[in-house]
Each structure stands twice: as structure tokens, then as C-alpha cells.
>>> print(open('protein36.csv').read())   # CSV, C-alpha atoms
chain,number,residue,atom,x,y,z
A,1,MET,CA,137.4,64.3,147.6
A,2,ASP,CA,133.7,63.9,146.8
A,3,SER,CA,132.8,66.4,149.6
A,4,HIS,CA,134.6,69.1,147.6
A,5,THR,CA,132.8,68.4,144.2
A,6,ASP,CA,130.2,71.1,144.8
A,7,ASP,CA,132.9,73.7,145.7
A,8,ASP,CA,134.9,72.8,142.6
A,9,SER,CA,131.9,73.2,140.3
A,10,MET,CA,131.2,76.6,141.7
A,11,ARG,CA,134.7,77.7,140.9
A,12,VAL,CA,134.7,76.4,137.3
A,13,GLY,CA,133.4,79.7,135.8
A,14,GLU,CA,135.6,81.9,138.0
A,15,VAL,CA,139.2,82.8,137.4
A,16,GLU,CA,141.3,83.5,140.5
A,17,PRO,CA,143.4,86.7,140.0
A,18,MET,CA,147.2,86.1,139.8
A,19,PRO,CA,148.9,87.2,143.0
A,20,GLY,CA,152.0,89.4,143.4
A,21,TYR,CA,155.3,88.2,144.8
A,22,THR,CA,154.3,89.3,148.3
A,23,GLY,CA,151.0,87.4,148.1
A,24,LEU,CA,152.8,84.3,146.8
A,25,VAL,CA,155.4,84.2,149.5
A,26,THR,CA,152.9,85.0,152.3
A,27,ARG,CA,150.1,82.5,151.3
A,28,ALA,CA,152.5,79.8,150.0
A,29,SER,CA,154.6,79.8,153.2
A,30,THR,CA,151.4,79.9,155.4
A,31,VAL,CA,149.8,77.0,153.6
A,32,MET,CA,153.0,74.9,153.4
A,33,PHE,CA,153.8,75.3,157.1
A,34,SER,CA,150.2,74.5,158.0
A,35,ALA,CA,150.4,71.3,155.8
A,36,LEU,CA,153.7,70.3,157.4
A,37,ARG,CA,152.2,70.7,160.9
A,38,ASP,CA,149.2,68.6,160.0
A,39,CYS,CA,151.3,65.8,158.4
A,40,ARG,CA,151.9,63.8,161.6
A,41,ALA,CA,152.2,60.5,159.7
A,42,CYS,CA,154.8,61.9,157.2
A,43,GLY,CA,157.7,59.6,156.7
A,44,LEU,CA,159.1,56.8,154.5
A,45,GLU,CA,156.3,54.4,155.1
A,46,LEU,CA,153.6,56.9,154.1
A,47,SER,CA,155.7,57.9,151.1
A,48,ARG,CA,155.9,54.2,150.0
A,49,ARG,CA,152.2,53.6,150.4
A,50,THR,CA,151.4,56.9,148.6
A,51,LEU,CA,153.7,55.9,145.7
A,52,LEU,CA,152.1,52.5,145.4
A,53,ASP,CA,148.6,53.8,145.6
A,54,ASN,CA,148.8,56.8,143.3
A,55,ALA,CA,151.6,56.2,140.7
A,56,TYR,CA,150.3,55.0,137.4
A,57,ILE,CA,152.8,54.2,134.6
A,58,THR,CA,153.0,51.2,132.4
A,59,TRP,CA,156.0,49.2,131.1
A,60,THR,CA,154.9,50.1,127.6
A,61,GLU,CA,155.2,53.8,128.4
A,62,ILE,CA,158.6,53.3,129.9
A,63,GLY,CA,159.7,51.4,126.8
A,64,LEU,CA,158.4,54.2,124.5
A,65,PHE,CA,160.4,56.7,126.6
A,66,PHE,CA,163.7,54.8,126.1
A,67,MET,CA,163.0,54.2,122.4
A,68,CYS,CA,162.3,57.9,121.8
A,69,ALA,CA,165.3,59.0,123.8
A,70,VAL,CA,167.5,56.8,121.6
A,71,MET,CA,165.6,58.1,118.5
A,72,TRP,CA,166.4,61.7,119.4
A,73,THR,CA,170.1,60.9,119.8
A,74,GLN,CA,170.2,59.2,116.4
A,75,ILE,CA,168.2,62.0,114.7
A,76,ARG,CA,170.6,64.5,116.1
A,77,ARG,CA,173.7,62.6,114.9
A,78,GLY,CA,172.2,62.2,111.5
A,79,LEU,CA,171.3,65.8,111.1
A,80,THR,CA,174.7,66.9,112.4
A,81,GLU,CA,176.6,64.7,110.0
A,82,CYS,CA,174.4,65.1,107.0
A,83,LEU,CA,173.1,68.7,107.3
A,84,PHE,CA,174.4,70.9,110.1
A,85,LYS,CA,178.2,70.2,109.8
A,86,PRO,CA,178.3,70.4,105.9
A,87,PHE,CA,176.3,73.6,106.0
A,88,ALA,CA,178.6,75.2,108.6
A,89,GLN,CA,181.6,74.2,106.4
A,90,TRP,CA,179.9,75.4,103.3
A,91,CYS,CA,179.4,78.8,105.0
A,92,CYS,CA,183.1,78.9,106.0
A,93,LEU,CA,182.4,79.4,109.7
A,94,GLN,CA,185.4,79.8,112.0
A,95,PRO,CA,186.6,76.4,113.3
A,96,LYS,CA,185.4,76.9,116.8
A,97,ASP,CA,182.0,77.9,115.6
A,98,THR,CA,181.8,75.0,113.1
A,99,THR,CA,182.0,72.6,116.1
A,100,LYS,CA,179.3,74.4,118.1
A,101,MET,CA,176.8,75.4,115.4
A,102,PRO,CA,175.3,71.9,115.0
A,103,GLU,CA,174.4,71.8,118.7
A,104,SER,CA,172.5,75.1,118.5
A,105,ALA,CA,170.8,74.2,115.2
A,106,TRP,CA,169.5,71.0,116.7
A,107,LYS,CA,168.2,72.6,119.8
A,108,LEU,CA,166.6,75.4,117.8
A,109,VAL,CA,164.7,72.9,115.7
A,110,PHE,CA,163.5,70.8,118.6
A,111,TYR,CA,162.5,73.6,121.0
A,112,THR,CA,160.7,75.5,118.2
A,113,MET,CA,158.7,72.3,117.5
A,114,SER,CA,158.0,71.5,121.1
A,115,TRP,CA,157.0,75.0,122.2
A,116,SER,CA,154.8,75.4,119.2
A,117,TYR,CA,152.9,72.3,120.2
A,118,SER,CA,152.6,73.4,123.8
A,119,THR,CA,151.3,76.8,122.6
A,120,TYR,CA,148.7,75.1,120.5
A,121,LEU,CA,147.5,73.0,123.4
A,122,LEU,CA,147.2,76.0,125.8
A,123,PHE,CA,145.8,78.6,123.5
A,124,PHE,CA,144.0,76.8,120.6
A,125,THR,CA,142.2,74.1,122.5
A,126,ASN,CA,139.7,74.0,125.4
A,127,TYR,CA,142.5,73.9,128.1
A,128,THR,CA,142.3,77.0,130.4
A,129,PHE,CA,145.5,76.3,132.4
A,130,PHE,CA,147.4,79.4,131.4
A,131,HIS,CA,144.6,81.9,132.1
A,132,ASP,CA,143.3,80.0,135.1
A,133,PRO,CA,146.2,78.1,136.7
A,134,PRO,CA,144.2,76.8,139.7
A,135,SER,CA,142.1,74.9,137.1
A,136,VAL,CA,145.0,72.4,136.7
A,137,PHE,CA,143.7,70.6,139.8
A,138,TYR,CA,140.0,70.8,139.2
A,139,ASP,CA,138.5,67.3,138.9
A,140,TRP,CA,141.8,65.7,139.7
A,141,LYS,CA,141.6,62.0,140.5
A,142,SER,CA,144.3,59.4,141.2
A,143,GLY,CA,144.9,57.3,138.1
A,144,MET,CA,142.8,59.5,135.9
A,145,LYS,CA,143.2,59.1,132.1
A,146,VAL,CA,145.8,61.4,130.5
A,147,PRO,CA,144.4,63.1,127.4
A,148,THR,CA,146.2,61.8,124.3
A,149,ASP,CA,147.4,65.2,123.1
A,150,ILE,CA,149.0,65.9,126.5
A,151,ALA,CA,150.4,62.4,126.7
A,152,ILE,CA,152.2,63.0,123.3
A,153,ALA,CA,153.7,66.3,124.6
A,154,TYR,CA,155.0,64.4,127.7
A,155,LEU,CA,156.5,61.6,125.6
A,156,ILE,CA,158.2,64.1,123.3
A,157,GLN,CA,159.6,66.2,126.2
A,158,GLY,CA,160.4,63.4,128.6
A,159,SER,CA,162.4,61.4,126.0
A,160,PHE,CA,164.2,64.6,124.8
A,161,TYR,CA,165.4,65.4,128.4
A,162,GLY,CA,166.5,61.8,128.7
A,163,HIS,CA,168.5,62.2,125.5
A,164,SER,CA,169.8,65.6,126.8
A,165,ILE,CA,171.4,64.1,129.9
A,166,TYR,CA,173.5,61.9,127.7
A,167,ALA,CA,174.1,64.7,125.1
A,168,THR,CA,175.3,67.2,127.7
A,169,VAL,CA,177.9,64.8,129.0
A,170,TYR,CA,179.0,63.1,125.7
A,171,MET,CA,178.0,65.3,122.8
A,172,ASP,CA,177.9,69.0,123.7
A,173,ASP,CA,180.8,71.3,124.4
A,174,TRP,CA,181.5,71.4,128.2
A,175,ARG,CA,180.8,74.8,129.7
A,176,LYS,CA,181.0,76.6,133.0
A,177,ASP,CA,177.4,75.6,133.9
A,178,SER,CA,177.3,72.2,132.3
A,179,THR,CA,177.1,70.5,135.7
A,180,VAL,CA,174.2,72.7,136.6
A,181,MET,CA,172.7,71.9,133.2
A,182,VAL,CA,172.9,68.1,134.0
A,183,VAL,CA,171.2,68.8,137.3
A,184,HIS,CA,168.5,70.8,135.5
A,185,HIS,CA,167.9,68.0,133.1
A,186,VAL,CA,167.6,65.4,135.9
A,187,VAL,CA,165.2,67.6,137.9
A,188,THR,CA,163.2,68.3,134.8
A,189,LEU,CA,163.0,64.6,133.8
A,190,ALA,CA,162.0,63.8,137.4
A,191,LEU,CA,159.2,66.4,137.2
A,192,ILE,CA,158.0,65.1,133.9
A,193,THR,CA,158.1,61.5,135.0
A,194,PHE,CA,156.5,61.8,138.4
A,195,SER,CA,153.9,64.5,137.3
A,196,TYR,CA,152.8,62.0,134.6
A,197,ALA,CA,152.7,59.1,136.9
A,198,PHE,CA,150.7,61.0,139.6
A,199,ARG,CA,148.5,62.7,136.9
A,200,PHE,CA,149.7,66.2,137.5
A,201,HIS,CA,150.1,66.5,133.7
A,202,ASN,CA,148.1,69.7,133.5
A,203,ILE,CA,150.5,71.7,135.5
A,204,GLY,CA,153.4,70.0,133.7
A,205,LEU,CA,152.2,71.3,130.4
A,206,LEU,CA,152.2,74.8,131.7
A,207,VAL,CA,155.7,74.4,133.1
A,208,LEU,CA,157.0,73.2,129.7
A,209,PHE,CA,155.4,76.1,127.9
A,210,LEU,CA,156.9,78.7,130.2
A,211,HIS,CA,160.5,77.3,129.8
A,212,ASP,CA,160.9,76.3,126.1
A,213,ILE,CA,160.5,79.8,124.6
A,214,ASN,CA,163.8,81.0,126.2
A,215,ASP,CA,165.7,78.0,124.6
A,216,ILE,CA,164.4,79.1,121.2
A,217,GLN,CA,165.7,82.6,121.6
A,218,LEU,CA,169.0,81.4,123.1
A,219,GLU,CA,169.9,79.1,120.2
A,220,PHE,CA,168.7,81.7,117.7
A,221,THR,CA,171.0,84.3,119.2
A,222,LYS,CA,174.0,81.8,119.3
A,223,LEU,CA,173.5,80.9,115.7
A,224,ASN,CA,173.6,84.5,114.6
A,225,VAL,CA,176.8,85.0,116.7
A,226,TYR,CA,178.4,82.1,114.8
A,227,PHE,CA,177.3,83.4,111.4
A,228,LYS,CA,178.2,87.0,111.7
A,229,THR,CA,181.9,86.2,111.0
A,230,ARG,CA,182.4,83.6,108.3
A,231,GLY,CA,184.8,83.2,105.4
A,232,GLY,CA,186.9,86.0,106.8
A,233,ASP,CA,184.0,88.5,106.3
A,234,TYR,CA,181.8,90.3,108.7
A,235,TYR,CA,178.0,90.3,108.2
A,236,LEU,CA,176.2,93.1,109.9
A,237,ILE,CA,172.7,91.6,109.6
A,238,HIS,CA,173.7,88.7,111.9
A,239,ASP,CA,175.3,91.1,114.4
A,240,ILE,CA,172.0,93.0,114.5
A,241,LEU,CA,169.9,89.8,114.9
A,242,SER,CA,172.2,88.5,117.7
A,243,ASN,CA,171.8,91.8,119.6
A,244,MET,CA,168.0,91.7,119.1
A,245,GLY,CA,167.9,88.1,120.2
A,246,SER,CA,169.9,88.7,123.3
A,247,VAL,CA,167.6,91.6,124.3
A,248,SER,CA,164.4,89.6,123.8
A,249,PHE,CA,166.0,86.6,125.5
A,250,SER,CA,166.8,88.6,128.6
A,251,ILE,CA,163.3,90.1,128.8
A,252,THR,CA,161.4,86.9,128.2
A,253,TRP,CA,163.6,85.0,130.7
A,254,PHE,CA,162.5,87.3,133.5
A,255,TRP,CA,158.9,87.4,132.3
A,256,PHE,CA,158.3,83.7,131.7
A,257,ARG,CA,160.6,82.1,134.2
A,258,LEU,CA,160.8,84.6,137.1
A,259,TYR,CA,157.4,86.2,136.9
A,260,TRP,CA,154.8,83.9,135.3
A,261,PHE,CA,156.4,80.7,136.5
A,262,PRO,CA,156.4,81.4,140.3
A,263,LEU,CA,153.1,83.5,140.2
A,264,LYS,CA,151.2,81.0,138.1
A,265,VAL,CA,152.8,77.6,138.6
A,266,LEU,CA,154.1,77.8,142.2
A,267,TYR,CA,151.0,79.5,143.5
A,268,ALA,CA,148.9,76.8,141.9
A,269,THR,CA,151.0,74.0,143.3
A,270,CYS,CA,151.6,75.4,146.7
A,271,VAL,CA,148.2,77.0,147.5
A,272,SER,CA,145.5,76.0,145.0
A,273,SER,CA,146.4,72.3,145.0
A,274,LEU,CA,145.4,71.8,148.6
A,275,GLN,CA,142.2,73.8,148.1
A,276,SER,CA,141.1,71.4,145.3
A,277,VAL,CA,142.7,68.2,146.6
A,278,PRO,CA,143.3,68.4,150.4
A,279,ASN,CA,145.2,65.1,150.5
A,280,ILE,CA,147.1,65.5,147.3
A,281,PRO,CA,150.0,63.0,147.0
A,282,PHE,CA,153.6,64.1,147.3
A,283,TYR,CA,152.8,67.7,147.8
A,284,PHE,CA,156.2,68.6,149.4
A,285,PHE,CA,158.2,66.5,146.9
A,286,PHE,CA,156.8,68.2,143.8
A,287,ASN,CA,157.0,71.7,145.2
A,288,SER,CA,160.6,71.1,146.3
A,289,LEU,CA,161.4,70.1,142.7
A,290,LEU,CA,159.7,73.2,141.3
A,291,LEU,CA,161.5,75.4,143.8
A,292,THR,CA,164.8,73.8,142.7
A,293,LEU,CA,163.9,74.7,139.2
A,294,LEU,CA,163.2,78.3,140.2
A,295,CYS,CA,166.6,78.5,141.9
A,296,MET,CA,168.3,77.3,138.8
A,297,ASN,CA,166.4,79.9,136.7
A,298,ILE,CA,167.7,82.6,139.1
A,299,TYR,CA,171.2,81.2,138.9
A,300,TRP,CA,171.2,81.5,135.1
A,301,PHE,CA,169.6,84.9,135.3
A,302,LEU,CA,172.8,86.0,137.0
A,303,PHE,CA,174.7,85.2,133.8
A,304,ILE,CA,172.2,87.4,131.9
A,305,VAL,CA,172.7,90.3,134.4
A,306,ALA,CA,176.5,89.9,134.1
A,307,PHE,CA,176.2,90.0,130.3
A,308,VAL,CA,174.0,93.1,130.3
A,309,ALA,CA,176.3,94.8,132.8
A,310,LYS,CA,179.4,94.1,130.7
A,311,VAL,CA,177.7,95.5,127.6
A,312,LEU,CA,176.5,98.7,129.4
A,313,THR,CA,179.9,99.3,130.9
A,314,GLY,CA,181.7,98.8,127.6
A,315,GLN,CA,183.6,95.7,128.8
A,316,MET,CA,182.1,93.6,126.0
A,317,LYS,CA,181.9,94.7,122.4
A,318,ASP,CA,180.3,91.6,120.9
A,319,VAL,CA,177.6,89.2,122.0
A,320,LYS,CA,179.0,86.0,123.2
A,321,ASP,CA,178.2,83.1,125.6
A,322,LEU,CA,179.5,84.0,129.1
A,323,ARG,CA,179.3,80.3,130.0
A,324,GLU,CA,182.2,79.4,127.6
A,325,TYR,CA,185.5,78.5,129.3
A,326,GLU,CA,188.2,81.1,129.1
A,327,GLY,CA,191.9,81.2,130.0
A,328,GLU,CA,194.5,78.8,128.6
A,329,GLU,CA,192.1,76.6,126.6
A,330,GLY,CA,190.3,79.6,125.2
A,331,ALA,CA,193.6,81.3,124.3
A,332,GLN,CA,194.9,78.2,122.5
A,333,ARG,CA,191.7,78.0,120.4
A,334,ALA,CA,191.7,81.7,119.7
A,335,ALA,CA,195.4,81.5,118.6
A,336,ALA,CA,194.7,78.6,116.3
A,337,VAL,CA,191.8,80.4,114.7
A,338,LEU,CA,193.8,83.6,114.4
A,339,LYS,CA,196.7,81.8,112.7
A,340,ALA,CA,194.4,80.1,110.3
A,341,GLN,CA,192.8,83.4,109.3
A,342,GLN,CA,196.0,85.4,109.1
A,343,ARG,CA,197.6,82.9,106.7
A,344,PRO,CA,195.7,83.9,103.6
A,345,GLN,CA,195.8,87.5,104.6
A,346,SER,CA,199.6,87.5,104.7
A,347,GLU,CA,199.7,86.2,101.1
A,348,ASP,CA,197.6,89.2,100.0
A,349,ALA,CA,198.8,91.9,102.4
A,350,GLY,CA,199.3,94.5,99.6
A,351,HIS,CA,195.7,94.1,98.5
A,352,LEU,CA,194.4,94.4,102.0
A,353,ASN,CA,196.4,97.6,102.7
A,354,ASN,CA,195.2,99.3,99.6
A,355,SER,CA,191.5,98.5,100.1
A,356,ALA,CA,190.8,99.2,103.8
A,357,GLU,CA,187.6,101.1,103.0
A,358,GLY,CA,184.5,98.9,103.5
A,359,LYS,CA,186.3,96.7,106.0
A,360,HIS,CA,185.4,95.8,109.7
A,361,VAL,CA,188.1,95.1,112.3
A,362,GLN,CA,187.1,92.5,114.9
A,363,ASN,CA,189.4,90.9,117.4
A,364,GLY,CA,192.4,92.3,115.5
A,365,ILE,CA,191.3,90.8,112.2
A,366,THR,CA,190.2,92.8,109.2
A,367,LYS,CA,187.0,91.5,107.6
A,368,GLU,CA,184.8,92.4,104.7
A,369,LYS,CA,181.5,94.1,105.7
A,370,HIS,CA,178.3,92.6,104.3
A,371,LEU,CA,174.7,93.3,104.9
>>> encode(input="protein36.csv", output="C-alpha cells")
Amino acid sequence: MDSHTDDDSMRVGEVEPMPGYTGLVTRASTVMFSALRDCRACGLELSRRTLLDNAYITWTEIGLFFMCAVMWTQIRRGLTECLFKPFAQWCCLQPKDTTKMPESAWKLVFYTMSWSYSTYLLFFTNYTFFHDPPSVFYDWKSGMKVPTDIAIAYLIQGSFYGHSIYATVYMDDWRKDSTVMVVHHVVTLALITFSYAFRFHNIGLLVLFLHDINDIQLEFTKLNVYFKTRGGDYYLIHDILSNMGSVSFSITWFWFRLYWFPLKVLYATCVSSLQSVPNIPFYFFFNSLLLTLLCMNIYWFLFIVAFVAKVLTGQMKDVKDLREYEGEEGAQRAAAVLKAQQRPQSEDAGHLNNSAEGKHVQNGITKEKHL
């Protein structure tokens, strides 16, 4: 690696322009096929030796990971029981929304915090990884010291995804894509763990920044969907905010995860990495994980496209989560909610019939309009 020190120093002041999709596919495929042909000794034995020679992680760090994963679980349970659930009940949310609101509130709080910290590191410190992605591999050395501020980001994110694997299975509502979500959390945790151990923490910080913003917008939108109908009344402001949130979510999903992620991150890991570190460890392993993450981003983008298509064709009147289960289970829940809401209405039917003005009809239920 010393023979490339002069070349690296010459590139420090230069920023390589971001390629287009065609340039990414062409150069990445060329470089990866060339690397595969040159890897004559590739196999389990080489992988074992590379793992032993380049992976650096201590038992203390592993212990901190498990402690923080348990901590996130307990914090979520505490906030759910002491704050989120009582608040949802105080706001008189519909029963089905009362059970789902704490999950979205918790995720909104965490992702806002984590994305704000990643944004601070990338734009308010001396790190140039966002504007110059190839710089993530400049001066890379096996076993190099991880800066404390990035190590904190890794501990926060890694332990949270450890908690999220447990939460998706045992705490969250099961959805159509919950299995894919578990796979996503496992892949993300593997990326975080191995990128930290192999000192690819710079590119990891960029990956976290590009993904967390969409989770903020998703949970914000879902919360406004839950709050637009509460106490038998309809609140227009939450309907407007949920629509605005869904539009911004769709746009930033494509821009951050399907544009910047492949053109900044994948180009750096597939092409620039070998230019800076010709014998970089686990080159194919890490790129395969990142490509898997890209495939899952495309999979979820199909839900977004389906949502937009239904709105444009008039098949959907209200913003809702297309991942929720429908059919018999959904019908039973809807019937229970409808019955609970119709009970007080039947007691005051005369009043409702005489004061229809200023009301909003949604799903066959008349509700008061509020701004």
C-alpha cells in the first residue's frame, strides 16, 4: 500500500465527479470482473486468513453493543407505556391506530436523532465523504483507529438494529413486508459490524446518512394518518401533512436511496476502493451486501409506485400503509372499529341528522371537521 501513498496525496485536493448510471454499471462491472479473474487464490482458506488478519473488534465493544441493544428495547417499552400509549388514548385515536402509534412515535424519535448526528458529522466537521465519496478509502490501513465521533454513531446504529430485529418479530405489528424487514435489519447489522471491524467506517457513515432520512418521513406521515381521525372527528391539518409527507417521502426515497446511494456509495466501493487499496479485504463480500441493500430499496420502491398509481387513478382516497394486511383480518378490525364508533352515534342520531353541515364523511362514518 505504501507504493500508492504518493498517488493518494495527489488526489486529496481533487474531487472525482459523480458518474451516471451508465458509467456506474460499465466501470463497476469491468472492475469487478477483472478483480474476480485476478483472484486466483479466492476461497474459504483465503477468507479465513483475511478475517483473522484484518478484523479488529474487542470484547468490550461487543459487550457495549448488547448492552445498548437491551437499553433501546427497555427505553422503547418505557416510552410506550408511560408516554406514547397514554397520549394516544388521551387523543382518542381509533383502536387500531392506538396500537400502532407508539411504534411510529418511537421510530420517529430515534431516526430524527440518529440522522441529525450523521448530518452533523458529514456537513459540520472536516469529513468530506459526501462531497468526495472516493475519499472514504484515502489513507485506509488495516486496524486503523476509528474516530470517536464515528465510533459513537456506529454504537448507536448497530445496537439499534440489533434491537430492531427483536422488535420486528416480537413488538411491531406484522406486515406484508415484515420478513423482508427482518432480512434488511440482518443485512444492515452485518454491514455495520463488518465495516467497523474492517475499518470501512467512513463509507458506513455515508450509508447511514442516506437511509435514515426516509424513515423520518415515513413515520411522520404515518403519525399524521393516525391523528387525522380521532375522537370521532376529522382533522384536515393532519390530512394535509400526511399527503405532504407521502410526496416528500417518495421523492427523497428515489433521490437518496436509488440515486445518491448507488452513484456515491456503490461507485466508491466497487471502483474507487481498488484504486486506493488494491488488496482491500472482503471486496466481494461487502459489495454483495450493499447490492442486496439496493435490491431491497428497489423492492420497497415498488410499494411507493403502487401507492402513487392508486392515488392518481382514484383507487385510493386516503393515505395509508400498503404493507398492512387486508382481507379477513382487516375486515374484522374495521368492523370492530366501525361498531365502536357507531354506538355513540346511534344514541344521538337526531342531532347528527340535523347538523350535517361542517361534517366530513370518511369510510361511511360522519365526523366533525377541524383545522
>>> closest_residue(input="protein36.csv", among="A:Asn297, A:Thr168, A:Ser272, A:Gln157", to="Ser114 (chain A)", atoms="only C-alpha atoms")
A:Gln157
>>> closest_residue(input="protein36.csv", among="A:Ile213, A:Val182, A:Met18, A:Val146", to="Arg199 (chain A)", atoms="all atoms listed in the file")
A:Val146
>>> atom_distance(input="protein36.csv", atom1="CA of Gln89 (chain A)", atom2="CA of Lys107 (chain A)")
19.0 Å
>>> atom_distance(input="protein36.csv", atom1="CA of Ser288 (chain A)", atom2="CA of Leu302 (chain A)")
21.4 Å
>>> closest_residue(input="protein36.csv", among="A:Tyr226, A:Phe209, A:Phe307, A:Phe301", to="Leu122 (chain A)", atoms="all atoms listed in the file")
A:Phe209
>>> closest_residue(input="protein36.csv", among="A:Trp260, A:Gly232, A:Leu241, A:Thr269", to="Cys91 (chain A)", atoms="only C-alpha atoms")
A:Gly232
>>> residues_around(input="protein36.csv", residues="Ser242 (chain A)", least_positions_apart="2", cutoff="7 Å", atoms="only C-alpha atoms", output="PyMOL selection string")
chain A and resi 221+224-225+238-240+244-246+319
>>> residues_around(input="protein36.csv", residues="Leu258 (chain A)", least_positions_apart="5", cutoff="10 Å", atoms="all atoms listed in the file", output="PyMOL selection string")
chain A and resi 210+252-253+263+294-295+297-298+301
>>> atom_distance(input="protein36.csv", atom1="CA of Lys222 (chain A)", atom2="CA of Thr179 (chain A)")
20.2 Å
>>> closest_residue(input="protein36.csv", among="A:Phe84, A:Trp72, A:Phe65, A:Tyr267", to="Phe110 (chain A)", atoms="only C-alpha atoms")
A:Trp72
>>> decode(input="protein36.csv", residues="region 110-192 of chain A", atoms="C-alpha atoms", output="PDB file, in the first residue's frame")
ATOM      1  CA  PHE A 110     -34.788   7.627  17.147  1.00  0.00           C
ATOM      2  CA  TYR A 111     -34.289   8.266  13.434  1.00  0.00           C
ATOM      3  CA  THR A 112     -34.527  12.026  13.903  1.00  0.00           C
ATOM      4  CA  MET A 113     -31.780  11.818  16.490  1.00  0.00           C
ATOM      5  CA  SER A 114     -29.535   9.435  14.525  1.00  0.00           C
ATOM      6  CA  TRP A 115     -29.917  11.230  11.178  1.00  0.00           C
ATOM      7  CA  SER A 116     -29.234  14.605  12.808  1.00  0.00           C
ATOM      8  CA  TYR A 117     -25.998  13.234  14.234  1.00  0.00           C
ATOM      9  CA  SER A 118     -24.936  11.759  10.867  1.00  0.00           C
ATOM     10  CA  THR A 119     -25.749  15.065   9.177  1.00  0.00           C
ATOM     11  CA  TYR A 120     -23.626  16.901  11.727  1.00  0.00           C
ATOM     12  CA  LEU A 121     -20.645  14.613  11.096  1.00  0.00           C
ATOM     13  CA  LEU A 122     -20.863  14.831   7.298  1.00  0.00           C
ATOM     14  CA  PHE A 123     -21.564  18.547   6.903  1.00  0.00           C
ATOM     15  CA  PHE A 124     -20.326  20.326  10.028  1.00  0.00           C
ATOM     16  CA  THR A 125     -16.970  18.632  10.597  1.00  0.00           C
ATOM     17  CA  ASN A 126     -13.877  18.066   8.453  1.00  0.00           C
ATOM     18  CA  TYR A 127     -15.180  14.839   6.869  1.00  0.00           C
ATOM     19  CA  THR A 128     -15.563  15.156   3.066  1.00  0.00           C
ATOM     20  CA  PHE A 129     -17.177  11.772   2.392  1.00  0.00           C
ATOM     21  CA  PHE A 130     -20.452  13.116   0.984  1.00  0.00           C
ATOM     22  CA  HIS A 131     -18.920  15.578  -1.478  1.00  0.00           C
ATOM     23  CA  ASP A 132     -15.981  13.309  -2.321  1.00  0.00           C
ATOM     24  CA  PRO A 133     -17.049   9.655  -1.803  1.00  0.00           C
ATOM     25  CA  PRO A 134     -13.740   8.118  -3.033  1.00  0.00           C
ATOM     26  CA  SER A 135     -12.059   9.855  -0.074  1.00  0.00           C
ATOM     27  CA  VAL A 136     -13.576   7.247   2.254  1.00  0.00           C
ATOM     28  CA  PHE A 137     -10.683   4.955   1.288  1.00  0.00           C
ATOM     29  CA  TYR A 138      -7.858   7.506   1.323  1.00  0.00           C
ATOM     30  CA  ASP A 139      -5.206   6.561   3.891  1.00  0.00           C
ATOM     31  CA  TRP A 140      -7.051   3.354   4.778  1.00  0.00           C
ATOM     32  CA  LYS A 141      -4.997   0.962   6.917  1.00  0.00           C
ATOM     33  CA  SER A 142      -5.883  -2.374   8.436  1.00  0.00           C
ATOM     34  CA  GLY A 143      -6.652  -1.927  12.136  1.00  0.00           C
ATOM     35  CA  MET A 144      -6.588   1.868  11.944  1.00  0.00           C
ATOM     36  CA  LYS A 145      -8.146   3.805  14.834  1.00  0.00           C
ATOM     37  CA  VAL A 146     -11.823   4.657  14.433  1.00  0.00           C
ATOM     38  CA  PRO A 147     -12.505   8.323  15.296  1.00  0.00           C
ATOM     39  CA  THR A 148     -14.524   8.591  18.497  1.00  0.00           C
ATOM     40  CA  ASP A 149     -17.389  10.534  16.909  1.00  0.00           C
ATOM     41  CA  ILE A 150     -17.862   7.895  14.184  1.00  0.00           C
ATOM     42  CA  ALA A 151     -17.482   5.075  16.748  1.00  0.00           C
ATOM     43  CA  ILE A 152     -20.364   6.610  18.731  1.00  0.00           C
ATOM     44  CA  ALA A 153     -22.515   6.707  15.578  1.00  0.00           C
ATOM     45  CA  TYR A 154     -21.710   3.041  14.947  1.00  0.00           C
ATOM     46  CA  LEU A 155     -22.573   2.027  18.508  1.00  0.00           C
ATOM     47  CA  ILE A 156     -25.901   3.875  18.347  1.00  0.00           C
ATOM     48  CA  GLN A 157     -26.887   2.476  14.953  1.00  0.00           C
ATOM     49  CA  GLY A 158     -25.546  -1.061  15.394  1.00  0.00           C
ATOM     50  CA  SER A 159     -27.254  -1.587  18.751  1.00  0.00           C
ATOM     51  CA  PHE A 160     -30.491  -0.100  17.421  1.00  0.00           C
ATOM     52  CA  TYR A 161     -30.612  -2.554  14.508  1.00  0.00           C
ATOM     53  CA  GLY A 162     -29.870  -5.362  16.939  1.00  0.00           C
ATOM     54  CA  HIS A 163     -32.893  -4.193  18.925  1.00  0.00           C
ATOM     55  CA  SER A 164     -34.920  -3.802  15.703  1.00  0.00           C
ATOM     56  CA  ILE A 165     -34.521  -7.470  14.746  1.00  0.00           C
ATOM     57  CA  TYR A 166     -36.124  -8.421  18.062  1.00  0.00           C
ATOM     58  CA  ALA A 167     -38.726  -5.633  17.834  1.00  0.00           C
ATOM     59  CA  THR A 168     -39.867  -6.540  14.311  1.00  0.00           C
ATOM     60  CA  VAL A 169     -40.612 -10.106  15.380  1.00  0.00           C
ATOM     61  CA  TYR A 170     -41.953  -9.594  18.909  1.00  0.00           C
ATOM     62  CA  MET A 171     -43.061  -5.950  19.307  1.00  0.00           C
ATOM     63  CA  ASP A 172     -44.201  -4.476  15.960  1.00  0.00           C
ATOM     64  CA  ASP A 173     -47.388  -5.231  14.014  1.00  0.00           C
ATOM     65  CA  TRP A 174     -46.688  -7.943  11.416  1.00  0.00           C
ATOM     66  CA  ARG A 175     -46.972  -6.591   7.870  1.00  0.00           C
ATOM     67  CA  LYS A 176     -46.677  -7.908   4.329  1.00  0.00           C
ATOM     68  CA  ASP A 177     -43.011  -6.953   4.169  1.00  0.00           C
ATOM     69  CA  SER A 178     -42.033  -7.843   7.744  1.00  0.00           C
ATOM     70  CA  THR A 179     -39.957 -10.809   6.552  1.00  0.00           C
ATOM     71  CA  VAL A 180     -38.089  -8.539   4.156  1.00  0.00           C
ATOM     72  CA  MET A 181     -37.711  -6.047   7.017  1.00  0.00           C
ATOM     73  CA  VAL A 182     -36.029  -8.696   9.180  1.00  0.00           C
ATOM     74  CA  VAL A 183     -33.680  -9.526   6.298  1.00  0.00           C
ATOM     75  CA  HIS A 184     -32.988  -5.800   5.895  1.00  0.00           C
ATOM     76  CA  HIS A 185     -32.097  -5.453   9.584  1.00  0.00           C
ATOM     77  CA  VAL A 186     -29.818  -8.510   9.447  1.00  0.00           C
ATOM     78  CA  VAL A 187     -28.036  -7.221   6.311  1.00  0.00           C
ATOM     79  CA  THR A 188     -27.711  -3.746   7.813  1.00  0.00           C
ATOM     80  CA  LEU A 189     -26.358  -5.119  11.088  1.00  0.00           C
ATOM     81  CA  ALA A 190     -23.873  -7.268   9.166  1.00  0.00           C
ATOM     82  CA  LEU A 191     -22.751  -4.218   7.182  1.00  0.00           C
ATOM     83  CA  ILE A 192     -22.360  -2.144  10.344  1.00  0.00           C
TER      84      ILE A 192
END
